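Peer 1: Supplied structure: model-v1.txt, compact mmCIF, C-alpha atoms and all ligand atoms.
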```txt
# COMPACT_ATOMS: atom_id res chain seq x y z
CA MET A 1 -6.94 4.41 3.73
CA ASN A 2 -10.54 5.47 3.18
CA ILE A 3 -11.04 9.16 2.45
CA ILE A 4 -13.97 11.46 1.80
CA LEU A 5 -13.37 14.56 -0.30
CA LEU A 6 -15.85 17.18 0.84
CA GLY A 7 -16.41 20.68 -0.48
CA PRO A 8 -18.66 22.69 -2.77
CA PRO A 9 -19.02 22.00 -6.49
CA GLY A 10 -16.01 23.62 -8.18
CA ALA A 11 -13.70 23.26 -5.18
CA GLY A 12 -11.40 21.00 -7.20
CA LYS A 13 -12.20 17.70 -5.48
CA GLY A 14 -12.25 15.70 -8.71
CA THR A 15 -9.05 17.30 -10.01
CA GLN A 16 -7.17 16.54 -6.81
CA ALA A 17 -8.66 13.05 -6.56
CA LYS A 18 -7.20 12.18 -9.97
CA ARG A 19 -3.75 13.21 -8.73
CA LEU A 20 -4.14 11.35 -5.43
CA ILE A 21 -4.95 8.07 -7.23
CA ASP A 22 -1.30 7.66 -8.28
CA LYS A 23 0.13 8.89 -5.01
CA TYR A 24 -1.85 6.54 -2.76
CA GLY A 25 -2.77 3.74 -5.18
CA ILE A 26 -6.45 3.93 -4.28
CA PRO A 27 -9.35 4.62 -6.67
CA GLN A 28 -11.55 7.70 -6.87
CA ILE A 29 -15.22 6.91 -6.44
CA SER A 30 -17.19 9.81 -7.87
CA THR A 31 -20.96 9.34 -7.69
CA GLY A 32 -21.35 12.18 -10.22
CA ASP A 33 -19.06 10.33 -12.70
CA MET A 34 -20.95 7.08 -12.07
CA LEU A 35 -24.30 8.75 -12.74
CA ARG A 36 -22.96 10.44 -15.90
CA ALA A 37 -21.61 7.07 -17.11
CA ALA A 38 -25.03 5.47 -16.51
CA LEU A 39 -26.66 8.28 -18.45
CA LYS A 40 -24.21 7.90 -21.34
CA GLU A 41 -25.05 4.21 -21.50
CA GLY A 42 -28.75 5.09 -21.44
CA THR A 43 -29.56 2.82 -18.48
CA PRO A 44 -32.90 3.37 -16.66
CA LEU A 45 -30.93 4.54 -13.61
CA GLY A 46 -29.01 7.08 -15.71
CA LEU A 47 -32.15 8.42 -17.37
CA GLU A 48 -33.90 8.74 -14.00
CA ALA A 49 -30.86 10.52 -12.49
CA LYS A 50 -30.74 13.02 -15.38
CA LYS A 51 -34.03 14.60 -14.26
CA TYR A 52 -32.42 15.62 -10.98
CA MET A 53 -28.96 16.43 -12.33
CA ASP A 54 -30.33 18.84 -14.95
CA GLN A 55 -31.98 20.83 -12.17
CA GLY A 56 -28.91 20.78 -9.94
CA ALA A 57 -30.88 18.74 -7.39
CA LEU A 58 -29.69 15.64 -5.57
CA VAL A 59 -30.52 12.24 -7.01
CA PRO A 60 -32.53 10.15 -4.47
CA ASP A 61 -30.39 8.76 -1.63
CA SER A 62 -31.35 5.14 -2.31
CA VAL A 63 -29.82 5.34 -5.82
CA VAL A 64 -26.42 6.70 -4.82
CA ILE A 65 -26.17 4.65 -1.62
CA GLY A 66 -26.72 1.48 -3.69
CA LEU A 67 -24.05 2.53 -6.20
CA VAL A 68 -21.48 3.23 -3.49
CA LYS A 69 -22.21 0.06 -1.54
CA GLU A 70 -21.57 -2.06 -4.61
CA ARG A 71 -18.51 -0.07 -5.71
CA ILE A 72 -16.57 -0.13 -2.42
CA GLN A 73 -16.74 -3.93 -2.35
CA GLN A 74 -14.94 -4.30 -5.67
CA ALA A 75 -11.40 -5.70 -5.70
CA ASP A 76 -9.61 -2.42 -6.49
CA CYS A 77 -10.99 -0.92 -3.26
CA SER A 78 -9.28 -3.46 -1.02
CA LYS A 79 -6.54 -0.98 0.01
CA GLY A 80 -8.94 1.93 0.32
CA TYR A 81 -10.72 4.53 -1.76
CA MET A 82 -11.54 8.21 -2.10
CA LEU A 83 -15.20 9.15 -2.08
CA ASP A 84 -15.74 12.25 -4.22
CA GLY A 85 -19.23 13.79 -4.16
CA PHE A 86 -20.59 11.29 -1.64
CA PRO A 87 -22.01 11.63 0.95
CA ARG A 88 -23.99 14.73 -0.02
CA ASN A 89 -26.34 14.99 2.97
CA VAL A 90 -26.63 13.72 6.53
CA SER A 91 -28.79 10.71 5.66
CA GLN A 92 -26.21 9.54 3.10
CA ALA A 93 -23.48 10.00 5.73
CA GLU A 94 -25.46 7.93 8.22
CA ALA A 95 -26.08 5.23 5.61
CA LEU A 96 -22.35 5.23 4.85
CA ASP A 97 -21.44 4.83 8.53
CA GLU A 98 -23.86 1.95 8.76
CA MET A 99 -22.59 0.16 5.64
CA LEU A 100 -18.95 0.58 6.68
CA ASN A 101 -19.78 -0.79 10.10
CA GLU A 102 -21.30 -3.87 8.48
CA LEU A 103 -18.24 -4.28 6.26
CA GLY A 104 -15.80 -3.77 9.15
CA GLN A 105 -14.42 -0.60 7.54
CA LYS A 106 -14.19 3.05 8.55
CA ILE A 107 -13.45 6.48 7.12
CA ASP A 108 -9.98 7.70 8.13
CA HIS A 109 -10.02 11.30 6.91
CA VAL A 110 -12.58 13.75 5.60
CA VAL A 111 -10.73 16.37 3.57
CA CYS A 112 -12.80 19.52 3.29
CA VAL A 113 -11.59 21.68 0.39
CA GLU A 114 -12.55 25.27 1.17
CA VAL A 115 -13.04 27.86 -1.58
CA PRO A 116 -14.87 31.21 -1.22
CA ALA A 117 -18.36 31.13 -2.76
CA SER A 118 -17.49 34.11 -4.98
CA GLU A 119 -14.91 31.99 -6.88
CA LEU A 120 -17.09 28.98 -7.53
CA ILE A 121 -19.42 30.20 -10.29
CA GLY A 122 -16.51 31.24 -12.54
CA ARG A 123 -14.66 27.99 -11.88
CA LEU A 124 -17.71 25.89 -12.78
CA THR A 125 -19.01 27.73 -15.84
CA GLY A 126 -15.52 27.80 -17.43
CA ARG A 127 -14.90 24.10 -16.91
CA ARG A 128 -14.39 21.86 -19.96
CA THR A 129 -13.83 18.10 -20.11
CA CYS A 130 -12.44 15.81 -22.80
CA ARG A 131 -15.09 13.50 -24.20
CA ASN A 132 -12.45 10.90 -24.95
CA CYS A 133 -9.99 10.76 -22.00
CA GLY A 134 -11.86 12.77 -19.35
CA ALA A 135 -9.03 15.33 -18.85
CA GLY A 136 -10.21 18.60 -17.33
CA PHE A 137 -9.51 22.16 -18.54
CA HIS A 138 -10.72 25.67 -17.77
CA VAL A 139 -11.26 28.29 -20.46
CA LEU A 140 -9.46 30.96 -18.37
CA PHE A 141 -7.38 29.25 -15.69
CA ASP A 142 -6.15 26.17 -17.57
CA PRO A 143 -6.97 26.65 -21.27
CA PRO A 144 -6.16 23.99 -23.86
CA LYS A 145 -3.59 24.93 -26.53
CA THR A 146 -6.31 24.79 -29.21
CA ASP A 147 -9.83 25.90 -28.38
CA GLY A 148 -12.15 22.93 -27.84
CA VAL A 149 -9.41 20.30 -28.33
CA CYS A 150 -7.81 18.16 -25.62
CA ASP A 151 -4.03 18.70 -25.26
CA LYS A 152 -3.52 15.10 -24.20
CA CYS A 153 -5.45 13.05 -26.78
CA LYS A 154 -6.90 15.61 -29.26
CA GLY A 155 -10.40 14.57 -28.17
CA GLU A 156 -13.30 17.01 -28.24
CA LEU A 157 -13.83 19.19 -25.16
CA TYR A 158 -17.35 19.68 -23.89
CA GLN A 159 -19.14 21.56 -21.14
CA ARG A 160 -21.14 19.52 -18.66
CA ASP A 161 -24.90 20.07 -19.02
CA ASP A 162 -25.11 21.14 -15.38
CA ASP A 163 -22.24 23.68 -15.57
CA ASN A 164 -24.45 26.46 -16.95
CA GLU A 165 -25.06 29.47 -14.71
CA ALA A 166 -28.67 28.67 -13.70
CA THR A 167 -27.94 25.06 -12.69
CA VAL A 168 -24.71 26.04 -10.97
CA SER A 169 -26.66 28.43 -8.69
CA SER A 170 -29.01 25.60 -7.71
CA ARG A 171 -26.09 23.25 -7.07
CA LEU A 172 -24.41 25.79 -4.81
CA LYS A 173 -27.62 26.30 -2.85
CA VAL A 174 -28.06 22.53 -2.47
CA TYR A 175 -24.48 22.39 -1.17
CA ASP A 176 -25.13 25.09 1.45
CA ASP A 177 -28.45 23.59 2.55
CA GLN A 178 -27.75 19.87 2.44
CA THR A 179 -24.03 19.12 2.17
CA ALA A 180 -22.37 21.80 4.33
CA PRO A 181 -23.93 20.29 7.52
CA LEU A 182 -21.57 17.34 6.96
CA ILE A 183 -18.68 19.58 8.02
CA SER A 184 -19.87 19.54 11.62
CA TYR A 185 -21.02 15.90 11.29
CA TYR A 186 -17.44 14.81 10.58
CA ASP A 187 -15.87 17.38 12.88
CA LYS A 188 -17.75 15.75 15.75
CA GLN A 189 -16.28 12.40 14.67
CA GLY A 190 -12.77 13.97 14.80
CA LYS A 191 -12.19 13.21 11.11
CA LEU A 192 -12.41 16.65 9.52
CA ARG A 193 -9.25 18.05 7.85
CA ARG A 194 -9.78 21.54 6.45
CA ILE A 195 -7.75 22.51 3.37
CA ASP A 196 -7.46 25.92 1.73
CA GLY A 197 -8.60 25.21 -1.85
CA VAL A 198 -7.24 28.44 -3.33
CA GLY A 199 -3.83 28.23 -4.99
CA SER A 200 -2.05 26.24 -7.68
CA MET A 201 -3.04 22.61 -8.22
CA ASP A 202 0.39 21.52 -6.91
CA THR A 203 0.10 23.64 -3.78
CA ILE A 204 -3.34 22.24 -2.97
CA LEU A 205 -2.12 18.69 -3.57
CA GLN A 206 0.71 19.33 -1.09
CA ARG A 207 -1.74 20.64 1.49
CA ILE A 208 -3.83 17.49 1.13
CA THR A 209 -0.92 15.08 1.28
CA ALA A 210 0.39 16.91 4.36
CA VAL A 211 -2.77 16.02 6.29
CA LEU A 212 -3.10 12.51 4.91
CA GLY A 213 0.53 11.62 5.66
P1 LIG B 1 -20.88 16.08 -9.23
O1 LIG B 1 -20.24 15.49 -10.44
O2 LIG B 1 -20.37 15.50 -7.95
O3 LIG B 1 -20.85 17.59 -9.25
O4 LIG B 1 -22.42 15.67 -9.30
C1 LIG B 1 -23.25 16.07 -10.37
C2 LIG B 1 -24.71 15.80 -10.02
O5 LIG B 1 -24.90 14.40 -9.82
C3 LIG B 1 -25.21 16.46 -8.75
O6 LIG B 1 -25.63 17.80 -8.96
C4 LIG B 1 -26.38 15.55 -8.38
O7 LIG B 1 -27.50 15.78 -9.20
C5 LIG B 1 -25.83 14.17 -8.76
N1 LIG B 1 -25.09 13.55 -7.62
C6 LIG B 1 -23.76 13.27 -7.56
N2 LIG B 1 -23.45 12.71 -6.39
C7 LIG B 1 -24.60 12.64 -5.67
C8 LIG B 1 -24.95 12.18 -4.37
N3 LIG B 1 -24.02 11.68 -3.54
N4 LIG B 1 -26.23 12.28 -3.99
C9 LIG B 1 -27.18 12.77 -4.81
N5 LIG B 1 -26.93 13.24 -6.03
C10 LIG B 1 -25.65 13.19 -6.47
```
Take the structure I supplied and represent it as structure tokens, if you would.
Ligand code: AMP
Peer 2:
Amino acid sequence: MNIILLGPPGAGKGTQAKRLIDKYGIPQISTGDMLRAALKEGTPLGLEAKKYMDQGALVPDSVVIGLVKERIQQADCSKGYMLDGFPRNVSQAEALDEMLNELGQKIDHVVCVEVPASELIGRLTGRRTCRNCGAGFHVLFDPPKTDGVCDKCKGELYQRDDDNEATVSSRLKVYDDQTAPLISYYDKQGKLRRIDGVGSMDTILQRITAVLG
């Protein structure tokens, strides 16, 4: 099963993807995580991507399309995958359709996680991640037991560079302008499954699994 997780930054796509990995036995492919990993390693691609990410802008299509094309052909994707944060605009969606066509694959479901815009800024600016194990927390909605320390592995929690208020506003605008048109793109293909993204993590997971079957 090949799935796209669509929705604005802060909708909880990454959080739900991590829970869906176990349930469906398919990997999460997050272009944002891949770009952050490249940056951490200091690769030329990572350093180039940082310029865009720091502004909340999209990294050039050719970069992310190349990353995804390579990733979906790896062995762990043979039973399917969840795309999280890709495609981000219509030309990426068209490139994806084309590459899947070539590979004899298709997208089965596009899960659109809907959250009111008024909730997103608070969700994003309060987000914290463990440097060591990648677990996610929120200073208000899901705080760690000790400030700044991961409950799971005692690693250090950090705030993503692009989760500050100014960059978050740009990211939300980019979503409205460039990514939201994908809702009708996939609706026309009959693949869109809308999910209410407000509620407990368990409730939202249930809503997603109900549409995926
Ligand atoms: P995310 O982790 O999905 O919120 O992505 C963080 C940042 O990485 C975005 O604001 C973009 O700068 C970049 N990025 C992630 N995925 C894509 C994509 N599919 N196309 C272009 N830029 C992306």
Peer 1: Name all residues at most 12 Å from range 151-165 of chain A (count all atoms listed in the file; drop same-chain ones fewer than 4 positions away) and give them as a VMD selection string.
Peer 2: chain A and resid 9 to 10 32 to 33 36 39 50 to 57 120 to 139 142 to 147 169 to 172
Peer 1: Report the distance between CA of Gly14 in chain A and CA of Gly104 in chain A in Å, rounded to one decimal place.
Peer 2: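 Straight-line distance from CA of Gly14 in chain A to CA of Gly104 in chain A works out to 26.7 Å.
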Peer 1: Centre and edge lengths of an axis-aligned box around all listed atoms of ligand LIG 1 (chain B), with 6 Å added on each side, are to be given in Å to one decimal, as JSON.
Peer 2:
```
{"center_x": -23.9, "center_y": 14.7, "center_z": -7.0, "size_x": 19.3, "size_y": 18.1, "size_z": 18.9}
```
Peer 1: Separation of CA of Val64 in chain A and CA of Leu6 in chain A, in Å?
Peer 2: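 Rounded to one decimal, the two atoms are 15.9 Å apart.
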Peer 1: Nearest residue to ligand LIG 1 (chain B) out of A:Gly190, A:Gly213, A:Gly46, A:Gly80, using all atoms listed in the file?
Peer 2: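 Using all atoms listed in the file, ligand LIG 1 (chain B) sits closest to A:Gly46.
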Peer 1: With distances taken over all atoms listed in the file, which of A:Leu96, A:Ala37, A:Met82, A:Leu45 is nearest to Tyr24 in chain A?
Peer 2: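 When distances to Tyr24 in chain A are compared using all atoms listed in the file, the smallest one comes from A:Met82.
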Peer 1: When distances are computed from only C-alpha atoms and all ligand atoms, which of A:Arg207, A:Lys40, A:Arg88, A:His109 shows the smallest separation from ligand LIG 1 (chain B)?
Peer 2: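 Looking at the shortest contact to ligand LIG 1 (chain B), the residue is A:Arg88.
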Peer 1: Using all atoms listed in the file, determine which residues lie at most 8 Å from Gly197 in chain A, disregarding the query and same-chain residues fewer than 3 positions distant; provide the list as a ChimeraX atom specification.
Peer 2: /A:11-12,113-115,204
